[in-house]
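Next up, input-v4.cif (mmCIF, C-alpha atoms and all ligand atoms):
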data_target
loop_
_atom_site.group_PDB
_atom_site.id
_atom_site.type_symbol
_atom_site.label_atom_id
_atom_site.label_comp_id
_atom_site.auth_asym_id
_atom_site.auth_seq_id
_atom_site.Cartn_x
_atom_site.Cartn_y
_atom_site.Cartn_z
ATOM 1 C CA MET A 1 -24.279 10.038 -12.961
ATOM 2 C CA SER A 2 -25.513 6.836 -11.293
ATOM 3 C CA SER A 3 -25.175 3.616 -13.206
ATOM 4 C CA THR A 4 -28.204 1.809 -14.606
ATOM 5 C CA SER A 5 -28.570 -1.979 -14.484
ATOM 6 C CA LEU A 6 -31.169 -4.012 -16.330
ATOM 7 C CA PHE A 7 -32.245 -7.532 -15.424
ATOM 8 C CA ILE A 8 -34.024 -10.043 -17.646
ATOM 9 C CA ALA A 9 -34.708 -13.788 -17.426
ATOM 10 C CA ASP A 10 -36.732 -16.591 -18.942
ATOM 11 C CA LEU A 11 -36.868 -15.322 -22.510
ATOM 12 C CA HIS A 12 -36.896 -18.932 -23.717
ATOM 13 C CA LEU A 13 -35.719 -17.836 -27.164
ATOM 14 C CA SER A 14 -36.357 -20.414 -29.844
ATOM 15 C CA PRO A 15 -36.913 -20.495 -33.604
ATOM 16 C CA GLN A 16 -40.522 -21.457 -32.803
ATOM 17 C CA GLN A 17 -41.178 -18.091 -31.073
ATOM 18 C CA PRO A 18 -40.124 -15.433 -33.601
ATOM 19 C CA GLU A 19 -42.156 -12.707 -31.829
ATOM 20 C CA THR A 20 -40.100 -13.112 -28.671
ATOM 21 C CA VAL A 21 -36.922 -13.004 -30.739
ATOM 22 C CA GLN A 22 -38.199 -9.718 -32.225
ATOM 23 C CA GLN A 23 -38.939 -8.350 -28.766
ATOM 24 C CA PHE A 24 -35.457 -9.285 -27.589
ATOM 25 C CA THR A 25 -33.909 -7.707 -30.703
ATOM 26 C CA TRP A 26 -35.835 -4.497 -30.012
ATOM 27 C CA PHE A 27 -34.900 -4.511 -26.325
ATOM 28 C CA VAL A 28 -31.196 -4.992 -27.076
ATOM 29 C CA THR A 29 -31.108 -2.279 -29.740
ATOM 30 C CA HIS A 30 -33.448 0.320 -28.159
ATOM 31 C CA ILE A 31 -33.460 -0.112 -24.374
ATOM 32 C CA ALA A 32 -30.282 -1.857 -23.261
ATOM 33 C CA PRO A 33 -27.692 0.529 -24.817
ATOM 34 C CA SER A 34 -28.536 3.221 -22.256
ATOM 35 C CA ALA A 35 -27.629 0.854 -19.380
ATOM 36 C CA GLN A 36 -24.182 0.227 -17.999
ATOM 37 C CA HIS A 37 -25.003 -3.394 -17.127
ATOM 38 C CA LEU A 38 -27.332 -6.010 -18.572
ATOM 39 C CA TYR A 39 -27.822 -9.112 -16.454
ATOM 40 C CA ILE A 40 -29.464 -12.181 -18.018
ATOM 41 C CA LEU A 41 -30.543 -14.399 -15.127
ATOM 42 C CA GLY A 42 -31.020 -17.699 -16.924
ATOM 43 C CA ASP A 43 -33.166 -19.328 -19.585
ATOM 44 C CA LEU A 44 -32.146 -16.954 -22.340
ATOM 45 C CA PHE A 45 -32.823 -19.937 -24.623
ATOM 46 C CA GLU A 46 -35.655 -22.459 -24.639
ATOM 47 C CA TYR A 47 -32.941 -25.100 -24.324
ATOM 48 C CA TRP A 48 -29.246 -25.297 -25.106
ATOM 49 C CA LEU A 49 -27.634 -28.394 -26.567
ATOM 50 C CA GLY A 50 -24.021 -27.210 -26.463
ATOM 51 C CA ASP A 51 -21.883 -24.335 -27.762
ATOM 52 C CA ASP A 52 -20.947 -26.365 -30.847
ATOM 53 C CA ILE A 53 -24.353 -25.436 -32.312
ATOM 54 C CA LEU A 54 -22.723 -22.100 -33.273
ATOM 55 C CA ASP A 55 -20.346 -23.880 -35.632
ATOM 56 C CA LEU A 56 -22.711 -26.465 -37.052
ATOM 57 C CA PRO A 57 -21.613 -26.965 -40.698
ATOM 58 C CA VAL A 58 -23.807 -24.928 -43.060
ATOM 59 C CA ASN A 59 -24.670 -27.976 -45.180
ATOM 60 C CA THR A 60 -26.233 -29.845 -42.228
ATOM 61 C CA PRO A 61 -29.531 -31.308 -43.511
ATOM 62 C CA ASP A 62 -31.330 -30.985 -40.130
ATOM 63 C CA ASN A 63 -33.584 -27.912 -40.468
ATOM 64 C CA ALA A 64 -34.392 -27.659 -36.758
ATOM 65 C CA LEU A 65 -30.724 -27.630 -35.782
ATOM 66 C CA MET A 66 -29.915 -25.142 -38.540
ATOM 67 C CA ALA A 67 -32.671 -22.827 -37.287
ATOM 68 C CA TYR A 68 -31.218 -23.005 -33.782
ATOM 69 C CA ARG A 69 -27.752 -22.266 -35.165
ATOM 70 C CA GLN A 70 -29.087 -19.189 -36.921
ATOM 71 C CA LEU A 71 -30.900 -18.008 -33.799
ATOM 72 C CA ALA A 72 -27.830 -18.501 -31.608
ATOM 73 C CA ARG A 73 -25.673 -16.549 -34.037
ATOM 74 C CA HIS A 74 -28.243 -13.747 -34.279
ATOM 75 C CA VAL A 75 -28.429 -13.446 -30.475
ATOM 76 C CA CYS A 76 -24.659 -13.492 -30.215
ATOM 77 C CA GLN A 77 -24.242 -10.776 -32.812
ATOM 78 C CA LEU A 78 -26.792 -8.543 -31.079
ATOM 79 C CA LEU A 79 -25.068 -8.987 -27.731
ATOM 80 C CA ARG A 80 -21.642 -8.323 -29.205
ATOM 81 C CA GLN A 81 -22.883 -5.062 -30.706
ATOM 82 C CA LEU A 82 -24.380 -4.089 -27.362
ATOM 83 C CA SER A 83 -21.116 -4.810 -25.604
ATOM 84 C CA ASP A 84 -19.206 -2.806 -28.231
ATOM 85 C CA THR A 85 -21.326 0.262 -27.405
ATOM 86 C CA GLY A 86 -20.324 0.056 -23.744
ATOM 87 C CA THR A 87 -22.895 -2.085 -21.898
ATOM 88 C CA GLN A 88 -21.364 -4.814 -19.764
ATOM 89 C CA LEU A 89 -23.084 -8.172 -20.209
ATOM 90 C CA TRP A 90 -23.538 -10.799 -17.530
ATOM 91 C CA LEU A 91 -25.098 -14.248 -17.870
ATOM 92 C CA GLN A 92 -26.360 -16.893 -15.459
ATOM 93 C CA HIS A 93 -27.490 -20.393 -16.286
ATOM 94 C CA GLY A 94 -31.141 -21.364 -16.177
ATOM 95 C CA ASN A 95 -32.656 -24.833 -15.883
ATOM 96 C CA ARG A 96 -32.996 -24.961 -19.693
ATOM 97 C CA ASP A 97 -29.665 -23.500 -20.817
ATOM 98 C CA PHE A 98 -27.231 -24.703 -18.156
ATOM 99 C CA LEU A 99 -25.016 -26.073 -20.947
ATOM 100 C CA LEU A 100 -24.038 -22.585 -22.150
ATOM 101 C CA GLN A 101 -20.282 -22.457 -21.760
ATOM 102 C CA GLU A 102 -17.337 -20.084 -21.974
ATOM 103 C CA THR A 103 -17.104 -20.429 -25.767
ATOM 104 C CA PHE A 104 -20.567 -18.946 -26.207
ATOM 105 C CA CYS A 105 -19.946 -16.244 -23.605
ATOM 106 C CA GLN A 106 -16.665 -15.177 -25.162
ATOM 107 C CA ARG A 107 -18.177 -15.077 -28.642
ATOM 108 C CA CYS A 108 -21.033 -12.877 -27.351
ATOM 109 C CA HIS A 109 -18.790 -10.725 -25.106
ATOM 110 C CA MET A 110 -20.604 -11.866 -21.973
ATOM 111 C CA THR A 111 -19.268 -12.841 -18.580
ATOM 112 C CA LEU A 112 -20.648 -16.020 -17.049
ATOM 113 C CA LEU A 113 -21.648 -15.515 -13.425
ATOM 114 C CA PRO A 114 -21.848 -18.271 -10.799
ATOM 115 C CA ASP A 115 -25.303 -19.677 -9.934
ATOM 116 C CA ILE A 116 -25.499 -17.351 -6.941
ATOM 117 C CA ALA A 117 -23.909 -13.994 -7.680
ATOM 118 C CA PRO A 118 -23.647 -11.252 -5.070
ATOM 119 C CA ILE A 119 -23.387 -7.738 -6.539
ATOM 120 C CA ASP A 120 -23.383 -4.224 -5.156
ATOM 121 C CA LEU A 121 -26.388 -2.628 -6.808
ATOM 122 C CA CYS A 122 -26.106 1.138 -6.319
ATOM 123 C CA GLY A 123 -24.970 0.587 -2.734
ATOM 124 C CA THR A 124 -27.413 -2.227 -1.846
ATOM 125 C CA PRO A 125 -26.000 -5.758 -1.604
ATOM 126 C CA SER A 126 -28.074 -7.855 -3.996
ATOM 127 C CA LEU A 127 -28.015 -11.547 -4.821
ATOM 128 C CA LEU A 128 -28.678 -12.678 -8.370
ATOM 129 C CA LEU A 129 -29.850 -16.203 -9.167
ATOM 130 C CA HIS A 130 -32.040 -18.003 -11.661
ATOM 131 C CA GLY A 131 -34.452 -19.042 -8.898
ATOM 132 C CA ASP A 132 -34.786 -22.787 -9.449
ATOM 133 C CA THR A 133 -32.601 -23.593 -6.434
ATOM 134 C CA LEU A 134 -35.159 -21.857 -4.191
ATOM 135 C CA CYS A 135 -37.894 -24.295 -5.271
ATOM 136 C CA THR A 136 -36.811 -26.802 -2.650
ATOM 137 C CA ASP A 137 -40.263 -28.403 -2.245
ATOM 138 C CA ASP A 138 -39.981 -29.674 -5.833
ATOM 139 C CA LEU A 139 -37.935 -32.739 -4.947
ATOM 140 C CA ALA A 140 -38.264 -34.387 -8.373
ATOM 141 C CA TYR A 141 -36.888 -31.272 -10.023
ATOM 142 C CA GLN A 142 -34.006 -30.962 -7.537
ATOM 143 C CA ARG A 143 -33.049 -34.592 -8.273
ATOM 144 C CA PHE A 144 -33.132 -33.886 -12.023
ATOM 145 C CA ARG A 145 -31.048 -30.755 -11.460
ATOM 146 C CA ALA A 146 -28.395 -32.601 -9.460
ATOM 147 C CA GLN A 147 -28.110 -35.143 -12.263
ATOM 148 C CA VAL A 148 -27.730 -32.710 -15.171
ATOM 149 C CA ARG A 149 -25.443 -30.334 -13.273
ATOM 150 C CA ASN A 150 -23.010 -33.179 -12.587
ATOM 151 C CA PRO A 151 -19.853 -32.514 -14.719
ATOM 152 C CA ALA A 152 -19.491 -36.236 -15.550
ATOM 153 C CA TRP A 153 -23.091 -36.347 -16.841
ATOM 154 C CA GLN A 154 -22.515 -33.205 -18.894
ATOM 155 C CA GLN A 155 -19.313 -34.549 -20.404
ATOM 156 C CA GLN A 156 -21.056 -37.752 -21.415
ATOM 157 C CA PHE A 157 -24.009 -35.761 -22.870
ATOM 158 C CA LEU A 158 -21.844 -33.333 -24.835
ATOM 159 C CA VAL A 159 -19.863 -36.028 -26.679
ATOM 160 C CA GLN A 160 -23.058 -37.229 -28.356
ATOM 161 C CA SER A 161 -24.054 -35.857 -31.754
ATOM 162 C CA LEU A 162 -26.195 -32.705 -31.785
ATOM 163 C CA ALA A 163 -29.011 -34.726 -33.347
ATOM 164 C CA SER A 164 -28.934 -37.252 -30.462
ATOM 165 C CA ARG A 165 -28.786 -34.441 -27.917
ATOM 166 C CA ALA A 166 -31.800 -32.804 -29.573
ATOM 167 C CA THR A 167 -33.758 -36.065 -29.274
ATOM 168 C CA LEU A 168 -32.887 -36.380 -25.571
ATOM 169 C CA ALA A 169 -33.763 -32.738 -24.911
ATOM 170 C CA ALA A 170 -37.145 -33.159 -26.638
ATOM 171 C CA SER A 171 -37.838 -36.195 -24.480
ATOM 172 C CA ALA A 172 -36.836 -34.305 -21.332
ATOM 173 C CA ARG A 173 -39.126 -31.413 -22.314
ATOM 174 C CA GLN A 174 -42.031 -33.832 -22.830
ATOM 175 C CA GLN A 175 -41.431 -35.445 -19.455
ATOM 176 C CA SER A 176 -41.097 -32.069 -17.776
ATOM 177 C CA MET A 177 -44.357 -30.806 -19.271
ATOM 178 C CA ALA A 178 -46.150 -33.942 -18.090
ATOM 179 C CA ALA A 179 -44.584 -33.618 -14.621
ATOM 180 C CA THR A 180 -45.342 -29.906 -14.158
ATOM 181 C CA HIS A 181 -48.947 -30.526 -15.244
ATOM 182 C CA GLU A 182 -49.308 -32.809 -12.214
ATOM 183 C CA LYS A 183 -47.541 -30.576 -9.663
ATOM 184 C CA SER A 184 -49.302 -27.953 -7.553
ATOM 185 C CA ASP A 185 -48.505 -24.242 -7.948
ATOM 186 C CA ALA A 186 -47.246 -24.212 -4.360
ATOM 187 C CA ILE A 187 -44.668 -26.932 -5.000
ATOM 188 C CA MET A 188 -43.337 -25.064 -8.041
ATOM 189 C CA ASP A 189 -42.940 -21.751 -6.185
ATOM 190 C CA VAL A 190 -39.989 -20.768 -4.022
ATOM 191 C CA ASN A 191 -39.831 -22.084 -0.475
ATOM 192 C CA GLN A 192 -39.882 -19.111 1.908
ATOM 193 C CA GLN A 193 -37.519 -20.814 4.368
ATOM 194 C CA SER A 194 -35.007 -21.319 1.577
ATOM 195 C CA VAL A 195 -35.383 -17.637 0.651
ATOM 196 C CA ALA A 196 -34.754 -16.603 4.259
ATOM 197 C CA ALA A 197 -31.784 -18.958 4.625
ATOM 198 C CA LEU A 198 -30.133 -17.601 1.486
ATOM 199 C CA LEU A 199 -30.616 -13.993 2.571
ATOM 200 C CA ARG A 200 -29.254 -14.812 6.036
ATOM 201 C CA GLU A 201 -26.222 -16.556 4.567
ATOM 202 C CA HIS A 202 -25.414 -13.507 2.422
ATOM 203 C CA ASN A 203 -26.205 -10.826 4.991
ATOM 204 C CA TYR A 204 -29.514 -9.651 3.449
ATOM 205 C CA PRO A 205 -31.376 -7.642 2.038
ATOM 206 C CA ARG A 206 -32.206 -8.269 -1.659
ATOM 207 C CA LEU A 207 -32.764 -11.168 -4.081
ATOM 208 C CA ILE A 208 -33.391 -10.831 -7.801
ATOM 209 C CA HIS A 209 -34.420 -13.940 -9.716
ATOM 210 C CA GLY A 210 -36.662 -15.418 -12.385
ATOM 211 C CA HIS A 211 -37.742 -19.000 -13.141
ATOM 212 C CA THR A 212 -41.163 -19.092 -11.460
ATOM 213 C CA HIS A 213 -42.780 -16.809 -14.074
ATOM 214 C CA ARG A 214 -44.581 -14.967 -11.249
ATOM 215 C CA PRO A 215 -43.331 -11.383 -11.596
ATOM 216 C CA ALA A 216 -43.582 -9.536 -8.298
ATOM 217 C CA HIS A 217 -41.894 -7.345 -5.744
ATOM 218 C CA HIS A 218 -42.082 -9.073 -2.351
ATOM 219 C CA THR A 219 -41.133 -7.225 0.827
ATOM 220 C CA PHE A 220 -40.744 -9.096 4.110
ATOM 221 C CA THR A 221 -38.621 -9.341 7.223
ATOM 222 C CA VAL A 222 -35.899 -11.884 7.945
ATOM 223 C CA ASP A 223 -34.323 -11.820 11.414
ATOM 224 C CA ASP A 224 -35.496 -8.198 11.848
ATOM 225 C CA HIS A 225 -33.912 -7.178 8.516
ATOM 226 C CA ALA A 226 -36.173 -5.561 5.926
ATOM 227 C CA CYS A 227 -35.708 -7.684 2.788
ATOM 228 C CA GLU A 228 -37.017 -7.678 -0.738
ATOM 229 C CA ARG A 229 -37.331 -10.197 -3.550
ATOM 230 C CA TRP A 230 -37.812 -9.139 -7.139
ATOM 231 C CA VAL A 231 -39.188 -11.852 -9.417
ATOM 232 C CA LEU A 232 -38.643 -11.206 -13.119
ATOM 233 C CA PRO A 233 -41.288 -12.000 -15.748
ATOM 234 C CA ASP A 234 -40.903 -14.604 -18.457
ATOM 235 C CA TRP A 235 -41.009 -13.297 -22.015
ATOM 236 C CA HIS A 236 -44.128 -14.135 -23.910
ATOM 237 C CA GLY A 237 -46.343 -11.637 -25.740
ATOM 238 C CA SER A 238 -47.496 -8.869 -23.414
ATOM 239 C CA ARG A 239 -45.854 -10.441 -20.343
ATOM 240 C CA SER A 240 -42.293 -9.643 -21.489
ATOM 241 C CA GLY A 241 -40.451 -7.135 -19.353
ATOM 242 C CA TYR A 242 -37.407 -6.224 -17.317
ATOM 243 C CA LEU A 243 -36.229 -4.778 -14.035
ATOM 244 C CA ARG A 244 -34.398 -1.463 -14.143
ATOM 245 C CA CYS A 245 -32.311 -0.286 -11.186
ATOM 246 C CA ASP A 246 -30.349 2.909 -10.684
ATOM 247 C CA GLY A 247 -29.498 5.265 -7.825
ATOM 248 C CA GLN A 248 -33.184 6.205 -7.515
ATOM 249 C CA GLY A 249 -34.305 2.592 -6.948
ATOM 250 C CA CYS A 250 -35.714 -0.307 -8.935
ATOM 251 C CA ALA A 251 -38.787 -0.577 -11.144
ATOM 252 C CA MET A 252 -40.303 -3.407 -13.147
ATOM 253 C CA LEU A 253 -41.136 -2.366 -16.693
ATOM 254 C CA ASN A 254 -43.323 -4.053 -19.227
ATOM 255 C CA LEU A 255 -41.825 -4.228 -22.690
ATOM 256 C CA SER A 256 -45.030 -3.479 -24.597
ATOM 257 C CA SER A 257 -45.539 -0.264 -22.646
ATOM 258 C CA VAL A 258 -42.099 1.057 -23.631
ATOM 259 C CA MET A 259 -41.956 -0.303 -27.194
ATOM 260 C CA SER A 260 -42.697 2.668 -29.374
ATOM 261 C CA VAL A 261 -44.664 2.271 -32.570
ATOM 262 C CA PRO A 262 -42.780 3.756 -35.547
ATOM 263 C CA ALA A 263 -44.380 6.913 -36.971
ATOM 264 C CA PRO A 264 -46.458 6.244 -40.106
HETATM 265 O O1 LIG B 1 -38.701 -26.398 -17.792
HETATM 266 P P1 LIG B 1 -40.117 -26.402 -17.319
HETATM 267 O O2 LIG B 1 -40.672 -25.026 -17.231
HETATM 268 O O3 LIG B 1 -40.987 -27.340 -18.085
HETATM 269 O O4 LIG B 1 -40.101 -26.998 -15.829
HETATM 270 C C1 LIG B 1 -39.030 -26.746 -14.932
HETATM 271 C C2 LIG B 1 -38.497 -28.070 -14.461
HETATM 272 N N1 LIG B 1 -38.092 -28.916 -15.577
HETATM 273 C C3 LIG B 1 -36.865 -28.859 -16.077
HETATM 274 C C4 LIG B 1 -36.565 -29.856 -17.175
HETATM 275 C C5 LIG B 1 -36.345 -29.118 -18.477
HETATM 276 O O5 LIG B 1 -37.533 -28.529 -18.969
HETATM 277 C C6 LIG B 1 -35.847 -30.122 -19.490
HETATM 278 C C7 LIG B 1 -35.278 -29.464 -20.678
HETATM 279 C C8 LIG B 1 -33.857 -29.074 -20.492
HETATM 280 C C9 LIG B 1 -33.177 -29.098 -21.835
HETATM 281 C C10 LIG B 1 -31.710 -29.045 -21.678
HETATM 282 C C11 LIG B 1 -31.045 -29.722 -22.805
HETATM 283 C C12 LIG B 1 -30.018 -30.699 -22.403
HETATM 284 C C13 LIG B 1 -30.425 -31.645 -21.319
HETATM 285 C C14 LIG B 1 -31.152 -32.875 -21.763
HETATM 286 C C15 LIG B 1 -31.576 -33.694 -20.586
HETATM 287 C C16 LIG B 1 -31.718 -35.152 -20.873
HETATM 288 O O6 LIG B 1 -35.996 -28.085 -15.719
HETATM 289 C C17 LIG B 1 -39.562 -28.802 -13.686
HETATM 290 C C18 LIG B 1 -40.013 -27.924 -12.536
HETATM 291 C C19 LIG B 1 -40.514 -26.600 -13.072
HETATM 292 O O7 LIG B 1 -39.470 -25.974 -13.839
HETATM 293 C C20 LIG B 1 -40.923 -25.618 -11.982
HETATM 294 O O8 LIG B 1 -39.812 -25.273 -11.195
HETATM 295 O O9 LIG B 1 -41.037 -28.585 -11.821
HETATM 296 O O10 LIG B 1 -38.992 -29.989 -13.157
HETATM 297 C C21 LIG B 1 -39.411 -31.179 -13.693
HETATM 298 O O11 LIG B 1 -40.381 -31.241 -14.406
HETATM 299 C C22 LIG B 1 -38.591 -32.366 -13.284
HETATM 300 C C23 LIG B 1 -39.445 -33.597 -13.278
HETATM 301 O O12 LIG B 1 -40.266 -33.565 -12.162
HETATM 302 C C24 LIG B 1 -38.608 -34.830 -13.350
HETATM 303 C C25 LIG B 1 -37.632 -34.930 -14.496
HETATM 304 C C26 LIG B 1 -38.249 -34.924 -15.894
HETATM 305 C C27 LIG B 1 -37.202 -34.940 -16.970
HETATM 306 C C28 LIG B 1 -36.471 -36.251 -17.027
HETATM 307 C C29 LIG B 1 -35.547 -36.316 -18.171
HETATM 308 C C30 LIG B 1 -34.689 -37.520 -18.087
HETATM 309 C C31 LIG B 1 -33.795 -37.672 -19.271
HETATM 310 C C32 LIG B 1 -34.531 -38.107 -20.491
HETATM 311 C C33 LIG B 1 -33.610 -38.700 -21.490
HETATM 312 C C34 LIG B 1 -34.282 -39.704 -22.349
HETATM 313 MN MN MN B 2 -36.259 -21.495 -15.527
#
Go through the file and emit its structure as C-alpha cells.
Amino acid sequence: MSSTSLFIADLHLSPQQPETVQQFTWFVTHIAPSAQHLYILGDLFEYWLGDDILDLPVNTPDNALMAYRQLARHVCQLLRQLSDTGTQLWLQHGNRDFLLQETFCQRCHMTLLPDIAPIDLCGTPSLLLHGDTLCTDDLAYQRFRAQVRNPAWQQQFLVQSLASRATLAASARQQSMAATHEKSDAIMDVNQQSVAALLREHNYPRLIHGHTHRPAHHTFTVDDHACERWVLPDWHGSRSGYLRCDGQGCAMLNLSSVMSVPAP
C-alpha cells in the first residue's frame, strides 16, 4: 500500500474565526487519520506570541489571551490524538507563527521542519516551504523577516510579558495590513527567478508551498527539467482545502466538497 501525505497551510487559526477552527477540527478527525503524514506548511495560527501561552495561568484576567490559550490547547489536543492514531505530523513556520518552538511541537507530537525541507514524496523529490522566502520582490517584507527571524530579536521579544507581546503583534498586524493594501499583487507573488533558483539548487522537480493564498498547480521548465509548483489555499470559508499525494499522484481538494453533512 502506498503512503498518503496531506499538506495544509495558512489556516490562520484564531479565536476570532471559530468556523475555521471547526473546519480544522473536522479535517483532523475525519480526513487526516487515513494519511500516514500530515504536513502543516506554516501559518497554522493567525499569530503566535510564544509557547508560554499554553501555560498561561487560568486566573489571567486578559480574555483575549485566555481565548488564545484555549485555542492553542484545543489544537494541540487534536494533533496529539491524530499522532496517537498513527499519522506523523510535521510543522513549518509561517510569517505569522515563526515563534512556535520545540515546546509546542513536543506537546502536540509534531516535528518541526526547517524552513526549506526536502522530502521524498512517493519517489519524487519535493521541497516544502512556507513560500514567503520566494517573494523576493517584496523588499519591505524581506527586511521585516530578517529582523524577526534574528535569534537576538526573538530572545528580546520573548522575555516581554504576553500582554506586551500581544500589543506589539497587534501593531505589526495593523502596519502589515496598511502596507499590503499599498503593494501590487505582482510584488506579493513569488518571483519566478527565485523559484527556478531554488529548484536548481535542490535538483528539481517539485515545490509545495502556501503563503500567497493563490492555490494553483503550475507546470513549467527549468533548465530543461519539467517542474511543478503546488500552491496551497488559505483556510477561509469555502476556500479551505488541502493537497493529497500518494503513489497515484497529487490532487488539490476543497474541504467543503469532502465535508459530509450528517444524516438527519
Ligand atoms: O501577514 P500579512 O498577510 O498581512 O502580510 C504578509 C507580510 N506581513 C507580515 C507581518 C505580519 O503580518 C505581522 C504579524 C506577525 C505576528 C507575529 C507575532 C510576533 C511578532 C511581533 C512583531 C513586532 O508577515 C507582508 C507581505 C505579505 O505577507 C505578502 O507576502 O507583504 O509584509 C509586510 O507587510 C511588511 C511590511 O511591508 C513592513 C513591515 C510592517 C510591520 C512592521 C512591524 C514593526 C514592529 C512593530 C512594533 C511596534
Ligand atoms: Mn503566510
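Around ligand MN 2 (chain B), the neighbouring residues within 10 Å, taking all atoms listed in the file, come to Ala9, Asp10, Leu11, His12, Leu41, Gly42, Asp43, Leu44, Phe45, Glu46, His93, Gly94, Asn95, Arg96, Asp97, Phe98, His130, Gly131, Asp132, His209, Gly210, His211, Thr212, His213 and Asp234 of chain A.
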Tell me, counting only C-alpha atoms and all ligand atoms, for each residue of chain A within 9 Å of ligand LIG 1 (chain B), which pair of atoms is nearest and how far apart they are in Å to one decimal, in rows ordered by chain and increasing number, as a Markdown table.
| residue | atom | partner | partner_atom | distance |
| --- | --- | --- | --- | --- |
| A:Glu46 | CA | B:LIG1 | C9 | 7.6 |
| A:Tyr47 | CA | B:LIG1 | C9 | 4.7 |
| A:Trp48 | CA | B:LIG1 | C11 | 5.3 |
| A:Leu49 | CA | B:LIG1 | C11 | 5.2 |
| A:Gly50 | CA | B:LIG1 | C12 | 8.0 |
| A:Gly94 | CA | B:LIG1 | O6 | 8.3 |
| A:Asn95 | CA | B:LIG1 | O6 | 4.7 |
| A:Arg96 | CA | B:LIG1 | C8 | 4.3 |
| A:Asp97 | CA | B:LIG1 | C10 | 6.0 |
| A:Phe98 | CA | B:LIG1 | C10 | 7.2 |
| A:Leu99 | CA | B:LIG1 | C12 | 7.0 |
| A:Gly131 | CA | B:LIG1 | O8 | 8.5 |
| A:Asp132 | CA | B:LIG1 | O8 | 5.9 |
| A:Thr133 | CA | B:LIG1 | O8 | 8.8 |
| A:Cys135 | CA | B:LIG1 | O8 | 6.3 |
| A:Asp138 | CA | B:LIG1 | O9 | 6.2 |
| A:Leu139 | CA | B:LIG1 | O12 | 7.6 |
| A:Ala140 | CA | B:LIG1 | O12 | 4.4 |
| A:Tyr141 | CA | B:LIG1 | C22 | 3.8 |
| A:Gln142 | CA | B:LIG1 | C22 | 7.5 |
| A:Arg143 | CA | B:LIG1 | C24 | 7.5 |
| A:Phe144 | CA | B:LIG1 | C25 | 5.2 |
| A:Arg145 | CA | B:LIG1 | O6 | 7.1 |
| A:Val148 | CA | B:LIG1 | C15 | 6.7 |
| A:Gln154 | CA | B:LIG1 | C13 | 8.4 |
| A:Phe157 | CA | B:LIG1 | C13 | 7.8 |
| A:Leu158 | CA | B:LIG1 | C12 | 8.9 |
| A:Arg165 | CA | B:LIG1 | C14 | 6.8 |
| A:Ala166 | CA | B:LIG1 | C11 | 7.5 |
| A:Thr167 | CA | B:LIG1 | C34 | 7.8 |
| A:Leu168 | CA | B:LIG1 | C33 | 4.7 |
| A:Ala169 | CA | B:LIG1 | C14 | 4.1 |
| A:Ala170 | CA | B:LIG1 | C7 | 7.3 |
| A:Ser171 | CA | B:LIG1 | C34 | 5.4 |
| A:Ala172 | CA | B:LIG1 | C29 | 4.0 |
| A:Arg173 | CA | B:LIG1 | C6 | 4.5 |
| A:Gln174 | CA | B:LIG1 | C27 | 7.7 |
| A:Gln175 | CA | B:LIG1 | C26 | 4.8 |
| A:Ser176 | CA | B:LIG1 | O11 | 3.5 |
| A:Met177 | CA | B:LIG1 | O3 | 5.0 |
| A:Ala178 | CA | B:LIG1 | O11 | 7.4 |
| A:Ala179 | CA | B:LIG1 | O11 | 4.8 |
| A:Thr180 | CA | B:LIG1 | O9 | 5.1 |
| A:His181 | CA | B:LIG1 | O11 | 8.6 |
| A:Lys183 | CA | B:LIG1 | O9 | 7.1 |
| A:Asp185 | CA | B:LIG1 | C20 | 8.7 |
| A:Ile187 | CA | B:LIG1 | O9 | 7.9 |
| A:Met188 | CA | B:LIG1 | C20 | 4.7 |
| A:Asp189 | CA | B:LIG1 | O8 | 6.9 |
| A:Val190 | CA | B:LIG1 | O8 | 8.5 |
| A:His211 | CA | B:LIG1 | O8 | 6.9 |
| A:Thr212 | CA | B:LIG1 | O8 | 6.3 |
The residues within 12 Å of (-19.0, -22.6, -34.4), using only C-alpha atoms and the coordinates of the file, should be reported as a PyMOL selection string; which are they?
chain A and resi 50-58+66+69-70+72-73+76+103-104+107
How would the residues just picked look written out with C-alpha atoms as a tab-separated table (two decimals), keeping the file's coordinate frame?
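part.tsv, freshly written:
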chain	number	residue	atom	x	y	z
A	50	GLY	CA	-24.02	-27.21	-26.46
A	51	ASP	CA	-21.88	-24.34	-27.76
A	52	ASP	CA	-20.95	-26.36	-30.85
A	53	ILE	CA	-24.35	-25.44	-32.31
A	54	LEU	CA	-22.72	-22.10	-33.27
A	55	ASP	CA	-20.35	-23.88	-35.63
A	56	LEU	CA	-22.71	-26.46	-37.05
A	57	PRO	CA	-21.61	-26.96	-40.70
A	58	VAL	CA	-23.81	-24.93	-43.06
A	66	MET	CA	-29.92	-25.14	-38.54
A	69	ARG	CA	-27.75	-22.27	-35.16
A	70	GLN	CA	-29.09	-19.19	-36.92
A	72	ALA	CA	-27.83	-18.50	-31.61
A	73	ARG	CA	-25.67	-16.55	-34.04
A	76	CYS	CA	-24.66	-13.49	-30.22
A	103	THR	CA	-17.10	-20.43	-25.77
A	104	PHE	CA	-20.57	-18.95	-26.21
A	107	ARG	CA	-18.18	-15.08	-28.64
Near-segment 196-202 of chain A list (9 Å; all atoms listed in the file; drop same-chain fewer than 2 positions) as a ChimeraX atom specification
/A:118,125-127,134,191-194,204-207,221-223,227
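Restricting the calculation to only C-alpha atoms, the smallest distance between Arg244 of chain A and any of A:Ser164, A:Trp230, A:Gln106, A:Val195 is found for A:Trp230.
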Give me the residues within 10 Å of Asn254 of chain A as a list in words, counting only C-alpha atoms and dropping any in the same chain fewer than 5 places off.
Pro233, Trp235, Ser238, Arg239, Ser240, Gly241, Tyr242, Leu243 and Met259 of chain A
So which residues touch Gln248 of chain A within 10 Å, counting only C-alpha atoms, skipping near sequence neighbours fewer than 6 positions away, as a list in words?
Ser2, Thr4 and Cys122 of chain A
